[in-house]
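S.K.: So I've got this file, my_file.cif, and it contains mmCIF, C-alpha atoms, pLDDT in the B column; chains and numbers go by the auth columns:
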```cif
data_model
loop_
_atom_site.group_PDB
_atom_site.id
_atom_site.type_symbol
_atom_site.label_atom_id
_atom_site.label_comp_id
_atom_site.label_asym_id
_atom_site.label_seq_id
_atom_site.Cartn_x
_atom_site.Cartn_y
_atom_site.Cartn_z
_atom_site.B_iso_or_equiv
_atom_site.auth_seq_id
_atom_site.auth_asym_id
ATOM 1 C CA MET A 1 -37.107 -14.467 25.429 56.00 122 A
ATOM 2 C CA GLU A 2 -35.255 -17.425 26.957 60.00 123 A
ATOM 3 C CA MET A 3 -35.412 -15.712 30.336 62.00 124 A
ATOM 4 C CA LEU A 4 -39.100 -14.978 29.829 64.00 125 A
ATOM 5 C CA LEU A 5 -40.509 -18.383 29.040 75.00 126 A
ATOM 6 C CA SER A 6 -37.977 -20.998 30.135 86.00 127 A
ATOM 7 C CA SER A 7 -38.569 -23.214 33.102 88.00 128 A
ATOM 8 C CA PHE A 8 -34.893 -24.184 33.349 90.00 129 A
ATOM 9 C CA ILE A 9 -31.959 -21.843 32.754 91.00 130 A
ATOM 10 C CA LYS A 10 -28.316 -22.603 33.393 91.00 131 A
ATOM 11 C CA ASN A 11 -26.138 -19.649 34.421 90.00 132 A
ATOM 12 C CA PRO A 12 -28.818 -17.004 33.806 89.00 133 A
ATOM 13 C CA ARG A 13 -27.381 -13.632 32.865 83.00 134 A
ATOM 14 C CA ASN A 14 -28.719 -10.422 34.419 85.00 135 A
ATOM 15 C CA ALA A 15 -30.870 -12.246 36.958 90.00 136 A
ATOM 16 C CA ARG A 16 -30.467 -11.511 40.645 91.00 137 A
ATOM 17 C CA TYR A 17 -32.516 -12.208 43.737 92.00 138 A
ATOM 18 C CA ASP A 18 -33.087 -10.182 46.867 90.00 139 A
ATOM 19 C CA GLY A 19 -30.369 -11.025 49.393 88.00 140 A
ATOM 20 C CA GLU A 20 -27.834 -12.245 46.855 89.00 141 A
ATOM 21 C CA ASP A 21 -24.197 -11.667 47.869 90.00 142 A
ATOM 22 C CA LYS A 22 -21.899 -9.702 45.598 89.00 143 A
ATOM 23 C CA ASP A 23 -19.613 -12.680 45.022 90.00 144 A
ATOM 24 C CA GLU A 24 -22.510 -15.088 44.517 91.00 145 A
ATOM 25 C CA ASN A 25 -23.495 -16.511 41.141 91.00 146 A
ATOM 26 C CA ILE A 26 -26.753 -18.156 40.168 93.00 147 A
ATOM 27 C CA VAL A 27 -25.953 -21.530 38.642 94.00 148 A
ATOM 28 C CA TYR A 28 -29.418 -22.928 37.986 94.00 149 A
ATOM 29 C CA LEU A 29 -32.779 -21.249 37.772 94.00 150 A
ATOM 30 C CA PHE A 30 -35.951 -23.349 37.768 95.00 151 A
ATOM 31 C CA ARG A 31 -39.622 -22.518 37.428 94.00 152 A
ATOM 32 C CA GLY A 32 -42.754 -24.610 37.325 95.00 153 A
ATOM 33 C CA SER A 33 -43.208 -26.459 34.052 95.00 154 A
ATOM 34 C CA PHE A 34 -44.867 -24.390 31.327 93.00 155 A
ATOM 35 C CA ILE A 35 -47.466 -27.180 31.121 94.00 156 A
ATOM 36 C CA THR A 36 -48.841 -25.940 34.453 94.00 157 A
ATOM 37 C CA ASN A 37 -49.942 -22.768 32.640 95.00 158 A
ATOM 38 C CA LEU A 38 -52.160 -24.592 30.172 95.00 159 A
ATOM 39 C CA GLY A 39 -55.187 -24.453 32.511 95.00 160 A
ATOM 40 C CA TRP A 40 -55.351 -20.682 32.799 96.00 161 A
ATOM 41 C CA ILE A 41 -54.278 -20.147 29.167 97.00 162 A
ATOM 42 C CA SER A 42 -57.197 -22.308 27.972 97.00 163 A
ATOM 43 C CA LEU A 43 -59.560 -20.522 30.340 97.00 164 A
ATOM 44 C CA THR A 44 -58.366 -17.138 29.054 97.00 165 A
ATOM 45 C CA ILE A 45 -58.871 -18.119 25.413 97.00 166 A
ATOM 46 C CA LEU A 46 -62.365 -19.418 26.202 97.00 167 A
ATOM 47 C CA ALA A 47 -63.187 -16.262 28.157 97.00 168 A
ATOM 48 C CA LEU A 48 -62.166 -14.091 25.197 96.00 169 A
ATOM 49 C CA PHE A 49 -64.907 -15.724 23.146 96.00 170 A
ATOM 50 C CA VAL A 50 -67.647 -15.345 25.757 95.00 171 A
ATOM 51 C CA PRO A 51 -68.870 -11.923 24.474 92.00 172 A
ATOM 52 C CA PHE A 52 -69.103 -13.302 20.912 91.00 173 A
ATOM 53 C CA ILE A 53 -71.072 -16.312 22.104 91.00 174 A
ATOM 54 C CA ALA A 54 -73.299 -14.104 24.262 88.00 175 A
ATOM 55 C CA SER A 55 -73.951 -11.794 21.299 85.00 176 A
ATOM 56 C CA LEU A 56 -75.490 -14.742 19.426 84.00 177 A
ATOM 57 C CA PHE A 57 -78.211 -15.005 22.066 80.00 178 A
ATOM 58 C CA TYR A 58 -78.557 -11.405 23.175 74.00 179 A
ATOM 59 C CA PRO A 59 -80.248 -9.053 22.562 71.00 180 A
ATOM 60 C CA VAL A 60 -83.480 -10.853 21.776 70.00 181 A
ATOM 61 C CA PRO A 61 -85.642 -8.225 19.984 70.00 182 A
ATOM 62 C CA GLY A 62 -88.227 -6.782 22.383 68.00 183 A
ATOM 63 C CA LYS A 63 -86.708 -8.544 25.431 68.00 184 A
ATOM 64 C CA GLU A 64 -83.640 -6.429 26.183 70.00 185 A
ATOM 65 C CA PHE A 65 -83.268 -5.989 29.930 72.00 186 A
ATOM 66 C CA ILE A 66 -80.143 -3.842 29.802 79.00 187 A
ATOM 67 C CA SER A 67 -79.394 -0.836 27.624 84.00 188 A
ATOM 68 C CA PRO A 68 -76.766 -0.932 24.806 85.00 189 A
ATOM 69 C CA ASP A 69 -74.524 1.417 26.839 87.00 190 A
ATOM 70 C CA PHE A 70 -74.552 -0.953 29.780 89.00 191 A
ATOM 71 C CA ALA A 71 -73.896 -3.946 27.515 89.00 192 A
ATOM 72 C CA PHE A 72 -70.907 -2.091 26.019 91.00 193 A
ATOM 73 C CA ILE A 73 -69.473 -1.363 29.478 93.00 194 A
ATOM 74 C CA ILE A 74 -69.915 -5.004 30.531 93.00 195 A
ATOM 75 C CA VAL A 75 -67.999 -6.207 27.457 94.00 196 A
ATOM 76 C CA LEU A 76 -65.257 -3.617 28.020 95.00 197 A
ATOM 77 C CA PHE A 77 -64.883 -4.624 31.670 96.00 198 A
ATOM 78 C CA TRP A 78 -64.967 -8.306 30.759 97.00 199 A
ATOM 79 C CA TYR A 79 -61.963 -7.953 28.440 97.00 200 A
ATOM 80 C CA LEU A 80 -60.086 -5.893 31.010 97.00 201 A
ATOM 81 C CA ALA A 81 -60.726 -8.519 33.703 97.00 202 A
ATOM 82 C CA VAL A 82 -59.677 -11.370 31.385 97.00 203 A
ATOM 83 C CA ILE A 83 -56.423 -9.588 30.514 97.00 204 A
ATOM 84 C CA GLY A 84 -55.839 -8.796 34.196 96.00 205 A
ATOM 85 C CA PHE A 85 -56.472 -12.409 35.176 96.00 206 A
ATOM 86 C CA ALA A 86 -54.062 -13.730 32.515 97.00 207 A
ATOM 87 C CA TYR A 87 -51.363 -11.212 33.399 96.00 208 A
ATOM 88 C CA HIS A 88 -51.643 -12.017 37.097 95.00 209 A
ATOM 89 C CA LYS A 89 -51.417 -15.757 36.446 95.00 210 A
ATOM 90 C CA PHE A 90 -48.394 -15.248 34.222 95.00 211 A
ATOM 91 C CA LEU A 91 -46.659 -13.146 36.893 95.00 212 A
ATOM 92 C CA ILE A 92 -47.294 -15.789 39.543 95.00 213 A
ATOM 93 C CA TRP A 93 -45.704 -18.414 37.291 95.00 214 A
ATOM 94 C CA TYR A 94 -42.807 -16.200 36.230 94.00 215 A
ATOM 95 C CA PHE A 95 -41.819 -15.080 39.722 95.00 216 A
ATOM 96 C CA ASN A 96 -42.204 -18.435 41.465 95.00 217 A
ATOM 97 C CA VAL A 97 -38.570 -19.352 41.004 95.00 218 A
ATOM 98 C CA TYR A 98 -36.201 -21.872 42.487 95.00 219 A
ATOM 99 C CA ILE A 99 -32.596 -20.808 42.504 95.00 220 A
ATOM 100 C CA VAL A 100 -29.433 -22.800 43.011 95.00 221 A
ATOM 101 C CA SER A 101 -26.419 -20.555 43.407 94.00 222 A
ATOM 102 C CA ASP A 102 -22.853 -21.373 44.368 92.00 223 A
ATOM 103 C CA LYS A 103 -23.783 -20.431 47.949 92.00 224 A
ATOM 104 C CA LYS A 104 -27.472 -21.081 48.509 92.00 225 A
ATOM 105 C CA VAL A 105 -30.640 -22.852 47.483 94.00 226 A
ATOM 106 C CA VAL A 106 -33.523 -20.377 47.335 94.00 227 A
ATOM 107 C CA ASP A 107 -37.246 -20.917 46.902 94.00 228 A
ATOM 108 C CA ILE A 108 -39.269 -17.778 46.077 94.00 229 A
ATOM 109 C CA ASP A 109 -43.028 -18.321 46.276 92.00 230 A
ATOM 110 C CA PHE A 110 -45.867 -15.995 45.382 90.00 231 A
ATOM 111 C CA HIS A 111 -49.481 -17.107 45.621 87.00 232 A
ATOM 112 C CA GLY A 112 -52.283 -14.671 44.902 80.00 233 A
ATOM 113 C CA LEU A 113 -51.903 -10.997 45.697 77.00 234 A
ATOM 114 C CA LEU A 114 -51.168 -11.268 49.362 80.00 235 A
ATOM 115 C CA TYR A 115 -48.745 -14.123 49.857 85.00 236 A
ATOM 116 C CA LYS A 116 -44.989 -14.146 49.524 85.00 237 A
ATOM 117 C CA ASN A 117 -42.626 -16.711 50.972 88.00 238 A
ATOM 118 C CA ILE A 118 -38.884 -16.978 50.533 90.00 239 A
ATOM 119 C CA SER A 119 -36.900 -19.931 51.895 89.00 240 A
ATOM 120 C CA GLU A 120 -33.192 -20.383 51.560 90.00 241 A
ATOM 121 C CA ALA A 121 -30.491 -22.692 52.826 90.00 242 A
ATOM 122 C CA PRO A 122 -26.719 -22.800 52.377 91.00 243 A
ATOM 123 C CA ILE A 123 -25.877 -25.162 49.523 90.00 244 A
ATOM 124 C CA ARG A 124 -23.191 -26.827 51.648 86.00 245 A
ATOM 125 C CA ASN A 125 -25.881 -27.873 54.142 87.00 246 A
ATOM 126 C CA VAL A 126 -27.796 -29.872 51.553 91.00 247 A
ATOM 127 C CA GLU A 127 -27.936 -33.476 52.754 89.00 248 A
ATOM 128 C CA ASP A 128 -30.499 -35.183 50.635 91.00 249 A
ATOM 129 C CA VAL A 129 -32.277 -34.453 47.359 94.00 250 A
ATOM 130 C CA THR A 130 -35.419 -36.368 46.423 95.00 251 A
ATOM 131 C CA SER A 131 -37.612 -36.169 43.331 95.00 252 A
ATOM 132 C CA LYS A 132 -41.246 -37.192 43.102 95.00 253 A
ATOM 133 C CA VAL A 133 -43.650 -37.462 40.178 95.00 254 A
ATOM 134 C CA LYS A 134 -47.208 -38.088 41.276 93.00 255 A
ATOM 135 C CA GLY A 135 -50.418 -38.060 39.235 92.00 256 A
ATOM 136 C CA SER A 136 -51.251 -38.942 35.650 93.00 257 A
ATOM 137 C CA LEU A 137 -50.647 -35.523 34.100 92.00 258 A
ATOM 138 C CA ARG A 138 -47.266 -35.237 35.803 94.00 259 A
ATOM 139 C CA MET A 139 -46.352 -38.745 34.619 95.00 260 A
ATOM 140 C CA ILE A 140 -47.315 -37.944 31.024 95.00 261 A
ATOM 141 C CA PHE A 141 -45.483 -34.622 30.853 94.00 262 A
ATOM 142 C CA ASN A 142 -42.689 -35.585 33.255 94.00 263 A
ATOM 143 C CA TYR A 143 -42.889 -32.790 35.768 95.00 264 A
ATOM 144 C CA GLY A 144 -43.068 -32.960 39.534 96.00 265 A
ATOM 145 C CA TYR A 145 -41.479 -32.151 42.858 96.00 266 A
ATOM 146 C CA VAL A 146 -37.915 -31.971 44.091 96.00 267 A
ATOM 147 C CA TYR A 147 -37.352 -31.917 47.858 95.00 268 A
ATOM 148 C CA ILE A 148 -34.079 -30.644 49.246 94.00 269 A
ATOM 149 C CA GLN A 149 -33.329 -31.694 52.802 92.00 270 A
ATOM 150 C CA THR A 150 -30.789 -29.613 54.645 88.00 271 A
ATOM 151 C CA ALA A 151 -28.833 -30.186 57.837 84.00 272 A
ATOM 152 C CA GLY A 152 -30.168 -28.684 61.025 71.00 273 A
ATOM 153 C CA SER A 153 -33.698 -27.944 62.039 64.00 274 A
ATOM 154 C CA GLN A 154 -34.641 -26.044 58.902 66.00 275 A
ATOM 155 C CA ARG A 155 -37.572 -27.355 56.888 73.00 276 A
ATOM 156 C CA GLU A 156 -36.886 -28.936 53.563 87.00 277 A
ATOM 157 C CA ILE A 157 -37.021 -26.770 50.462 91.00 278 A
ATOM 158 C CA GLU A 158 -39.537 -27.787 47.832 92.00 279 A
ATOM 159 C CA PHE A 159 -39.301 -27.167 44.100 94.00 280 A
ATOM 160 C CA GLU A 160 -42.869 -27.506 42.864 94.00 281 A
ATOM 161 C CA ASP A 161 -43.863 -28.856 39.432 94.00 282 A
ATOM 162 C CA VAL A 162 -40.449 -28.507 37.813 95.00 283 A
ATOM 163 C CA ASP A 163 -39.745 -30.137 34.461 95.00 284 A
ATOM 164 C CA ASN A 164 -37.859 -33.431 34.572 94.00 285 A
ATOM 165 C CA PRO A 165 -37.478 -33.635 38.370 95.00 286 A
ATOM 166 C CA ALA A 166 -35.073 -36.589 38.175 95.00 287 A
ATOM 167 C CA LYS A 167 -32.655 -34.488 36.107 95.00 288 A
ATOM 168 C CA VAL A 168 -33.047 -31.534 38.480 95.00 289 A
ATOM 169 C CA ARG A 169 -32.315 -33.813 41.455 96.00 290 A
ATOM 170 C CA ASP A 170 -29.229 -35.155 39.682 95.00 291 A
ATOM 171 C CA LEU A 171 -27.973 -31.670 38.754 95.00 292 A
ATOM 172 C CA ILE A 172 -28.335 -30.411 42.328 94.00 293 A
ATOM 173 C CA SER A 173 -26.744 -33.517 43.866 93.00 294 A
ATOM 174 C CA ASP A 174 -23.796 -33.342 41.475 93.00 295 A
ATOM 175 C CA PHE A 175 -23.362 -29.657 42.133 93.00 296 A
ATOM 176 C CA VAL A 176 -23.352 -30.162 45.919 92.00 297 A
ATOM 177 C CA VAL A 177 -20.772 -32.947 45.607 91.00 298 A
ATOM 178 C CA LYS A 178 -18.648 -30.746 43.344 89.00 299 A
ATOM 179 C CA LEU A 179 -18.744 -27.903 45.863 87.00 300 A
ATOM 180 C CA ARG A 180 -17.937 -30.133 48.829 83.00 301 A
ATOM 181 C CA TYR A 181 -15.324 -32.396 47.351 83.00 302 A
ATOM 182 C CA GLY A 182 -14.238 -30.450 44.273 77.00 303 A
ATOM 183 C CA ARG A 183 -15.067 -33.255 41.827 66.00 304 A
ATOM 184 C CA MET B 1 -96.965 -3.655 30.715 52.00 67 B
ATOM 185 C CA GLY B 2 -96.135 -0.297 32.349 58.00 68 B
ATOM 186 C CA ALA B 3 -95.395 -1.985 35.692 59.00 69 B
ATOM 187 C CA ASP B 4 -93.078 -4.448 33.933 61.00 70 B
ATOM 188 C CA LEU B 5 -91.079 -1.580 32.431 57.00 71 B
ATOM 189 C CA ILE B 6 -90.725 0.081 35.841 61.00 72 B
ATOM 190 C CA ILE B 7 -89.493 -3.187 37.414 63.00 73 B
ATOM 191 C CA ILE B 8 -87.007 -3.774 34.560 60.00 74 B
ATOM 192 C CA GLY B 9 -85.854 -0.139 34.770 63.00 75 B
ATOM 193 C CA ASN B 10 -85.228 -0.404 38.532 78.00 76 B
ATOM 194 C CA PHE B 11 -83.507 -3.746 38.088 79.00 77 B
ATOM 195 C CA GLU B 12 -81.126 -2.239 35.532 80.00 78 B
ATOM 196 C CA GLN B 13 -80.463 0.711 37.822 86.00 79 B
ATOM 197 C CA LEU B 14 -79.575 -1.680 40.639 89.00 80 B
ATOM 198 C CA LEU B 15 -77.320 -3.660 38.286 89.00 81 B
ATOM 199 C CA ARG B 16 -75.576 -0.455 37.244 91.00 82 B
ATOM 200 C CA TYR B 17 -74.752 0.463 40.836 93.00 83 B
ATOM 201 C CA LEU B 18 -73.534 -3.060 41.558 93.00 84 B
ATOM 202 C CA PHE B 19 -71.423 -3.030 38.432 93.00 85 B
ATOM 203 C CA ILE B 20 -69.802 0.279 39.288 95.00 86 B
ATOM 204 C CA PHE B 21 -69.036 -1.079 42.775 96.00 87 B
ATOM 205 C CA LEU B 22 -67.464 -4.158 41.139 96.00 88 B
ATOM 206 C CA GLU B 23 -65.338 -1.912 38.939 96.00 89 B
ATOM 207 C CA GLY B 24 -64.220 0.018 42.019 97.00 90 B
ATOM 208 C CA VAL B 25 -63.105 -3.262 43.596 97.00 91 B
ATOM 209 C CA TYR B 26 -61.283 -4.108 40.378 97.00 92 B
ATOM 210 C CA VAL B 27 -59.433 -0.766 40.418 98.00 93 B
ATOM 211 C CA MET B 28 -58.199 -1.683 43.920 97.00 94 B
ATOM 212 C CA PHE B 29 -57.104 -5.092 42.629 96.00 95 B
ATOM 213 C CA ALA B 30 -55.202 -3.388 39.772 97.00 96 B
ATOM 214 C CA PHE B 31 -53.562 -1.038 42.262 97.00 97 B
ATOM 215 C CA LEU B 32 -52.525 -3.961 44.490 95.00 98 B
ATOM 216 C CA MET B 33 -51.101 -5.631 41.412 95.00 99 B
ATOM 217 C CA ILE B 34 -48.756 -2.674 40.853 96.00 100 B
ATOM 218 C CA LYS B 35 -47.550 -3.065 44.447 95.00 101 B
ATOM 219 C CA GLN B 36 -47.145 -6.804 43.983 94.00 102 B
ATOM 220 C CA VAL B 37 -45.151 -6.404 40.757 95.00 103 B
ATOM 221 C CA ARG B 38 -42.884 -3.966 42.592 95.00 104 B
ATOM 222 C CA LEU B 39 -42.353 -6.552 45.328 93.00 105 B
ATOM 223 C CA MET B 40 -41.773 -9.289 42.761 94.00 106 B
ATOM 224 C CA ASN B 41 -39.206 -7.181 40.919 94.00 107 B
ATOM 225 C CA ILE B 42 -37.354 -6.604 44.188 93.00 108 B
ATOM 226 C CA SER B 43 -37.423 -10.302 45.124 93.00 109 B
ATOM 227 C CA PHE B 44 -36.244 -11.452 41.725 93.00 110 B
ATOM 228 C CA LYS B 45 -34.630 -8.965 39.373 92.00 111 B
ATOM 229 C CA THR B 46 -34.604 -9.587 35.638 91.00 112 B
ATOM 230 C CA PRO B 47 -34.097 -7.363 32.578 90.00 113 B
ATOM 231 C CA ALA B 48 -37.883 -7.524 32.012 91.00 114 B
ATOM 232 C CA ALA B 49 -38.642 -5.731 35.310 94.00 115 B
ATOM 233 C CA THR B 50 -39.468 -2.433 33.571 95.00 116 B
ATOM 234 C CA ILE B 51 -41.854 -4.182 31.164 95.00 117 B
ATOM 235 C CA PHE B 52 -43.699 -5.902 34.013 96.00 118 B
ATOM 236 C CA ARG B 53 -44.003 -2.663 35.968 97.00 119 B
ATOM 237 C CA SER B 54 -45.226 -0.739 32.901 97.00 120 B
ATOM 238 C CA LEU B 55 -47.814 -3.407 32.058 97.00 121 B
ATOM 239 C CA ALA B 56 -49.150 -3.360 35.624 97.00 122 B
ATOM 240 C CA GLN B 57 -49.404 0.448 35.504 98.00 123 B
ATOM 241 C CA LEU B 58 -51.104 0.282 32.106 98.00 124 B
ATOM 242 C CA HIS B 59 -53.579 -2.254 33.487 98.00 125 B
ATOM 243 C CA PHE B 60 -54.345 0.043 36.423 98.00 126 B
ATOM 244 C CA LEU B 61 -54.790 3.021 34.097 98.00 127 B
ATOM 245 C CA ALA B 62 -57.133 0.998 31.873 97.00 128 B
ATOM 246 C CA SER B 63 -59.210 -0.029 34.904 97.00 129 B
ATOM 247 C CA VAL B 64 -59.538 3.623 35.972 98.00 130 B
ATOM 248 C CA ILE B 65 -60.533 4.653 32.422 97.00 131 B
ATOM 249 C CA VAL B 66 -63.176 1.902 32.284 96.00 132 B
ATOM 250 C CA LEU B 67 -64.514 3.078 35.657 96.00 133 B
ATOM 251 C CA ILE B 68 -64.696 6.688 34.437 96.00 134 B
ATOM 252 C CA ILE B 69 -66.468 5.637 31.206 95.00 135 B
ATOM 253 C CA SER B 70 -68.924 3.626 33.312 94.00 136 B
ATOM 254 C CA LEU B 71 -69.612 6.565 35.603 95.00 137 B
ATOM 255 C CA VAL B 72 -70.243 8.820 32.594 94.00 138 B
ATOM 256 C CA LEU B 73 -72.430 6.372 30.673 90.00 139 B
ATOM 257 C CA LEU B 74 -74.258 4.597 33.461 85.00 140 B
ATOM 258 C CA LEU B 75 -75.056 7.271 36.027 81.00 141 B
#
```
For the file at hand, write its structure as structure tokens.

M.R.:
Amino acid sequence: MEMLLSSFIKNPRNARYDGEDKDENIVYLFRGSFITNLGWISLTILALFVPFIASLFYPVPGKEFISPDFAFIIVLFWYLAVIGFAYHKFLIWYFNVYIVSDKKVVDIDFHGLLYKNISEAPIRNVEDVTSKVKGSLRMIFNYGYVYIQTAGSQREIEFEDVDNPAKVRDLISDFVVKLRYGR
Amino acid sequence: MGADLIIIGNFEQLLRYLFIFLEGVYVMFAFLMIKQVRLMNISFKTPAATIFRSLAQLHFLASVIVLIISLVLLL
């Protein structure tokens, strides 16, 4: 359950990513804050009630424009689509992960059905870690962005909407220092 | 009155065809979701991988069943 719903896990057991070395260990696993799911969860709950609300107004006796069979199919399909929507949204949240291992920093991104992006950089190349909280909702719930700048021409790696970005920044910085200087 | 019934009847028939087309599109979406879950499970492996795959397959199966019920009841 911890693995299923947490947005921050230290030393996750039984979790591996594609491209992980045999002697590599995941130290930190981050996801977007659970707060970011509230939008689609609310929408899903509202959508579940739509057929009940519609049934209050339809059918108006003598003014039915679709048959009961058709109405039944629409309701059936509606629930299927709502469940599909919620499941898809959950998957997108669950599999958008940011990994800090003892060798690499990895950002796995999925958006929609047709987009996948994986960025990684050696942890020893990390030069600068910045956190940013922008916007009222992010300020209230303390979630935001962490940017990891690496040496070389590689783009920075972005952790999007993670809980407590200042703490995440601190954890990563400390871990990099520990790896480099052994303290 | 009779003309109204014919118009409403044709309108419903048109809606039925559109709806079945929509369900066909949804079946494709559900199929793509199975593929995506497979890709996700490869990119990031967790103990829940089997559950995610099974749920995606169940969702696809449900979408096919709803399409079949629609074809039987609506056509």

S.K.: Quick one, how far is atom CA of B:Ser109 from atom CA of A:Ile229?

M.R.: 7.8 Å

S.K.: Between A:Ile156, A:Val298, A:Ile130, A:Val218, which has the minimum distance to B:Met106 (counting only C-alpha atoms)?

M.R.: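 Looking only at the distances to B:Met106, the closest residue turns out to be A:Val218.
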
S.K.: Which is closest to B:Phe87 among B:Val138, B:Ala114, B:Leu127, B:Leu133, if we use only C-alpha atoms?

M.R.: B:Leu133

S.K.: To verify the selection step, state as a list in words which residues the PyMOL selection byres ((chain B) within 7 of (chain A)) yields on this input.

M.R.: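 Selected by the PyMOL selection byres ((chain B) within 7 of (chain A)) here: Ile74, Glu78, Met99, Gln102, Met106, Ile108, Ser109, Phe110, Lys111, Thr112, Pro113, His125, Val132, Ser136, Leu139 and Leu140 of chain B.
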
S.K.: Could you turn the residues from that selection into a file that holds C-alpha atoms, as a PDB file, in the frame of the given file?

M.R.:
```
ATOM      1  CA  ILE B  74     -87.007  -3.774  34.560  1.00 60.00           C
ATOM      2  CA  GLU B  78     -81.126  -2.239  35.532  1.00 80.00           C
ATOM      3  CA  MET B  99     -51.101  -5.631  41.412  1.00 95.00           C
ATOM      4  CA  GLN B 102     -47.145  -6.804  43.983  1.00 94.00           C
ATOM      5  CA  MET B 106     -41.773  -9.289  42.761  1.00 94.00           C
ATOM      6  CA  ILE B 108     -37.354  -6.604  44.188  1.00 93.00           C
ATOM      7  CA  SER B 109     -37.423 -10.302  45.124  1.00 93.00           C
ATOM      8  CA  PHE B 110     -36.244 -11.452  41.725  1.00 93.00           C
ATOM      9  CA  LYS B 111     -34.630  -8.965  39.373  1.00 92.00           C
ATOM     10  CA  THR B 112     -34.604  -9.587  35.638  1.00 91.00           C
ATOM     11  CA  PRO B 113     -34.097  -7.363  32.578  1.00 90.00           C
ATOM     12  CA  HIS B 125     -53.579  -2.254  33.487  1.00 98.00           C
ATOM     13  CA  VAL B 132     -63.176   1.902  32.284  1.00 96.00           C
ATOM     14  CA  SER B 136     -68.924   3.626  33.312  1.00 94.00           C
ATOM     15  CA  LEU B 139     -72.430   6.372  30.673  1.00 90.00           C
ATOM     16  CA  LEU B 140     -74.258   4.597  33.461  1.00 85.00           C
TER      17      LEU B 140
END
```

S.K.: Selected by the PyMOL selection byres ((chain A and resi 164-172) around 7) in the shown coordinates: which residues, as a list in words?

M.R.: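 For this structure, the PyMOL selection byres ((chain A and resi 164-172) around 7) captures Gly160, Trp161, Ile162, Ser163, Phe173, Ile174, Ala175, Ser176, Val196, Tyr200, Val203 and Ala207 of chain A.
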
S.K.: May I have the residues within 8 Å of A:Lys131 as a count of residues only, using all atoms listed in the file and disregarding those fewer than 5 positions away in the same chain?

M.R.: 3

S.K.: Show me, as a VMD selection string, the residues that have an atom within 9 Å of A:Asp284 when counting only C-alpha atoms, minus same-chain residues fewer than 2 positions from it.

M.R.: chain A and resid 128 to 129 151 to 156 262 to 266 282 286 to 289

S.K.: Using the chain letters and numbering of this document, enumerate as a list in words the residues selected by the PyMOL selection byres ((chain A and resi 222) around 8).

M.R.: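 Applied to this file, the PyMOL selection byres ((chain A and resi 222) around 8) selects Glu145, Asn146, Ile147, Val148, Tyr149, Ile220, Val221, Asp223, Lys224, Lys225, Val226 and Ile244 of chain A.
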
S.K.: Would you please work out which residue, of B:Ala122, B:Ile86, B:Leu81, B:Val103, is nearest to B:Leu137 when using only C-alpha atoms?

M.R.: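 Closest to B:Leu137 of all the choices is B:Ile86.
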